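As structure tokens, the structure follows; a few thoughts come after it.
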Amino acid sequence: MDGQIRMRQPAAANRAKIEGVVLMQREFVEMRNGAYYLAGSRVSLASIIYEYRDGATAETIRENFPTLSLEQIHGAIAFYLGHRDEAEAYLRALEKKWEELQNSAEPADFELQRRIDEARKRSGYES
């Protein structure tokens, strides 16, 4: 060898070229406005990752996000698994941002909160 690394094209790709088949690749995750979303949807990648990490199957996630296809969900999971370090760093940044927003939020007006609590008690709804 002359010290150069030679890359061989996979056999399947060669067959596809010979047979005239076009191999297609689809992007399932996109960055919009500084956040990751499933391509063509309003569903955040974080939503899918959290469910997946909590043990939900792709089918269960599909039930919770009926606007998504199983293909989109599997694509998002594959993206997460293939970019785990980047995705985990992104989630940590989201959690930090959320914590900062919570800490900087003004506390609810005491009287308003009291009236909300009373209304909940009257309605029988208490969280």
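Each chain of the structure tokens is named A, B, ... in the order shown, its residues numbered from 1; ligands are numbered from 1 in display order.
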
Next item on the list: Determine, counting only C-alpha atoms, which protein, DNA and RNA residues have an atom within 12 Å of an atom of stretch 82-98 of chain A; residues of the same chain fewer than 2 positions away are not included. Present the result as a PyMOL selection string.
Entry: chain A and resi 29+31+34-37+44-50+53+74-80+100-105

Output the selection as an mmCIF file, in the first residue's frame - N, CA and C atoms for each residue.
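Output file part_29.cif follows:
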```cif
data_model
loop_
_atom_site.group_PDB
_atom_site.id
_atom_site.type_symbol
_atom_site.label_atom_id
_atom_site.label_comp_id
_atom_site.auth_asym_id
_atom_site.auth_seq_id
_atom_site.Cartn_x
_atom_site.Cartn_y
_atom_site.Cartn_z
ATOM 1 N N VAL A 29 -35.069 14.847 11.271
ATOM 2 C CA VAL A 29 -34.915 15.870 12.302
ATOM 3 C C VAL A 29 -34.344 17.115 11.647
ATOM 4 N N MET A 31 -33.340 21.481 12.437
ATOM 5 C CA MET A 31 -33.142 22.571 13.390
ATOM 6 C C MET A 31 -33.938 23.762 12.877
ATOM 7 N N GLY A 34 -33.372 27.548 16.453
ATOM 8 C CA GLY A 34 -32.499 27.132 17.543
ATOM 9 C C GLY A 34 -32.955 25.896 18.284
ATOM 10 N N ALA A 35 -33.951 25.181 17.760
ATOM 11 C CA ALA A 35 -34.459 23.981 18.438
ATOM 12 C C ALA A 35 -34.616 22.854 17.420
ATOM 13 N N TYR A 36 -34.516 21.618 17.908
ATOM 14 C CA TYR A 36 -34.692 20.448 17.054
ATOM 15 C C TYR A 36 -36.160 20.039 17.015
ATOM 16 N N TYR A 37 -36.637 19.784 15.799
ATOM 17 C CA TYR A 37 -38.006 19.316 15.585
ATOM 18 C C TYR A 37 -37.984 18.133 14.630
ATOM 19 N N SER A 44 -41.349 18.543 18.961
ATOM 20 C CA SER A 44 -39.926 18.692 19.276
ATOM 21 C C SER A 44 -39.257 17.333 19.400
ATOM 22 N N LEU A 45 -37.991 17.295 19.027
ATOM 23 C CA LEU A 45 -37.206 16.075 19.210
ATOM 24 C C LEU A 45 -37.141 15.720 20.688
ATOM 25 N N ALA A 46 -37.056 16.726 21.548
ATOM 26 C CA ALA A 46 -36.982 16.485 22.991
ATOM 27 C C ALA A 46 -38.187 15.675 23.472
ATOM 28 N N SER A 47 -39.368 15.970 22.951
ATOM 29 C CA SER A 47 -40.574 15.235 23.353
ATOM 30 C C SER A 47 -40.441 13.751 23.063
ATOM 31 N N ILE A 48 -39.895 13.426 21.909
ATOM 32 C CA ILE A 48 -39.737 12.029 21.518
ATOM 33 C C ILE A 48 -38.653 11.371 22.362
ATOM 34 N N ILE A 49 -37.533 12.070 22.554
ATOM 35 C CA ILE A 49 -36.434 11.505 23.338
ATOM 36 C C ILE A 49 -36.875 11.215 24.763
ATOM 37 N N TYR A 50 -37.569 12.150 25.393
ATOM 38 C CA TYR A 50 -38.003 11.931 26.776
ATOM 39 C C TYR A 50 -38.884 10.691 26.874
ATOM 40 N N ARG A 53 -36.654 7.581 26.325
ATOM 41 C CA ARG A 53 -35.806 7.298 27.499
ATOM 42 C C ARG A 53 -36.626 6.755 28.665
ATOM 43 N N HIS A 74 -39.369 6.420 14.366
ATOM 44 C CA HIS A 74 -38.156 5.597 14.291
ATOM 45 C C HIS A 74 -36.978 6.431 13.793
ATOM 46 N N GLY A 75 -37.229 7.347 12.851
ATOM 47 C CA GLY A 75 -36.170 8.221 12.363
ATOM 48 C C GLY A 75 -35.636 9.125 13.462
ATOM 49 N N ALA A 76 -36.524 9.656 14.286
ATOM 50 C CA ALA A 76 -36.109 10.513 15.399
ATOM 51 C C ALA A 76 -35.303 9.720 16.421
ATOM 52 N N ILE A 77 -35.747 8.506 16.711
ATOM 53 C CA ILE A 77 -35.015 7.654 17.656
ATOM 54 C C ILE A 77 -33.639 7.310 17.086
ATOM 55 N N ALA A 78 -33.585 6.995 15.790
ATOM 56 C CA ALA A 78 -32.304 6.688 15.149
ATOM 57 C C ALA A 78 -31.373 7.907 15.207
ATOM 58 N N PHE A 79 -31.930 9.100 14.983
ATOM 59 C CA PHE A 79 -31.130 10.317 15.088
ATOM 60 C C PHE A 79 -30.568 10.438 16.499
ATOM 61 N N TYR A 80 -31.418 10.250 17.493
ATOM 62 C CA TYR A 80 -30.982 10.334 18.888
ATOM 63 C C TYR A 80 -29.871 9.331 19.171
ATOM 64 N N GLU A 100 -34.012 28.350 34.411
ATOM 65 C CA GLU A 100 -33.787 29.800 34.488
ATOM 66 C C GLU A 100 -35.099 30.565 34.330
ATOM 67 N N LEU A 101 -35.939 30.121 33.399
ATOM 68 C CA LEU A 101 -37.236 30.775 33.205
ATOM 69 C C LEU A 101 -38.109 30.633 34.447
ATOM 70 N N GLN A 102 -38.113 29.451 35.039
ATOM 71 C CA GLN A 102 -38.908 29.245 36.251
ATOM 72 C C GLN A 102 -38.408 30.121 37.386
ATOM 73 N N ASN A 103 -37.088 30.217 37.530
ATOM 74 C CA ASN A 103 -36.518 31.008 38.618
ATOM 75 C C ASN A 103 -36.733 32.504 38.428
ATOM 76 N N SER A 104 -36.828 32.945 37.181
ATOM 77 C CA SER A 104 -36.997 34.370 36.939
ATOM 78 C C SER A 104 -38.464 34.785 36.865
ATOM 79 N N ALA A 105 -39.357 33.828 36.862
ATOM 80 C CA ALA A 105 -40.786 34.145 36.758
ATOM 81 C C ALA A 105 -41.269 34.833 38.030
#
```

Next item on the list: Could you jot down the atom CA of A:Glu99 to atom CA of A:Asp54 separation for me, Å, one decimal place?
Entry: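 Here the two named atoms are 20.7 Å from each other.
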
Check: atom CA of A:Val43 and atom CA of A:Ile61, how far apart in Å?
Finding: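 Calculated distance between atom CA of A:Ile61 and atom CA of A:Val43 is 11.5 Å.
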
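Separating atom CA of A:Arg42 from atom CA of A:Pro66 is a distance of 12.1 Å.
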
Note to self: Which of stretch 6-127 of chain A end up as alpha helix (DSSP H) when DSSP is run on this backbone - answer as a ChimeraX atom specification?
What the structure shows: /A:11-19,45-53,58-64,70-82,84-104,110-123

Next item on the list: Determine, counting only C-alpha atoms, which protein, DNA and RNA residues have an atom within 10 Å of an atom of A:Gln72; residues of the same chain fewer than 5 positions away are not included. Present the result as JSON, numbers by chain.
Entry: {"A": [26, 27, 28, 29, 38, 39, 40, 41, 58, 62, 67, 77, 78]}

So that I have them on file, write out the residues from the current selection with C-alpha atoms, as an mmCIF file, in the first residue's frame.
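Okay, this is what ended up in again-v3.cif:
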```
data_model
loop_
_atom_site.group_PDB
_atom_site.id
_atom_site.type_symbol
_atom_site.label_atom_id
_atom_site.label_comp_id
_atom_site.auth_asym_id
_atom_site.auth_seq_id
_atom_site.Cartn_x
_atom_site.Cartn_y
_atom_site.Cartn_z
ATOM 1 C CA ARG A 26 -34.750 11.053 4.304
ATOM 2 C CA GLU A 27 -34.032 13.572 7.013
ATOM 3 C CA PHE A 28 -36.260 13.123 10.051
ATOM 4 C CA VAL A 29 -34.915 15.870 12.302
ATOM 5 C CA LEU A 38 -39.199 16.327 13.646
ATOM 6 C CA ALA A 39 -39.009 17.447 10.037
ATOM 7 C CA GLY A 40 -42.244 18.890 8.738
ATOM 8 C CA SER A 41 -43.933 18.884 12.130
ATOM 9 C CA ALA A 58 -42.306 3.715 18.977
ATOM 10 C CA ARG A 62 -47.181 7.207 17.977
ATOM 11 C CA THR A 67 -49.768 13.390 13.680
ATOM 12 C CA ILE A 77 -35.015 7.654 17.656
ATOM 13 C CA ALA A 78 -32.304 6.688 15.149
#
```

Next item on the list: Name the residues of stretch 3-122 of chain A that fall into strand (DSSP E or B) according to DSSP on the backbone, using the chain letters and numbers of this document, as a count of residues only.
Entry: 9
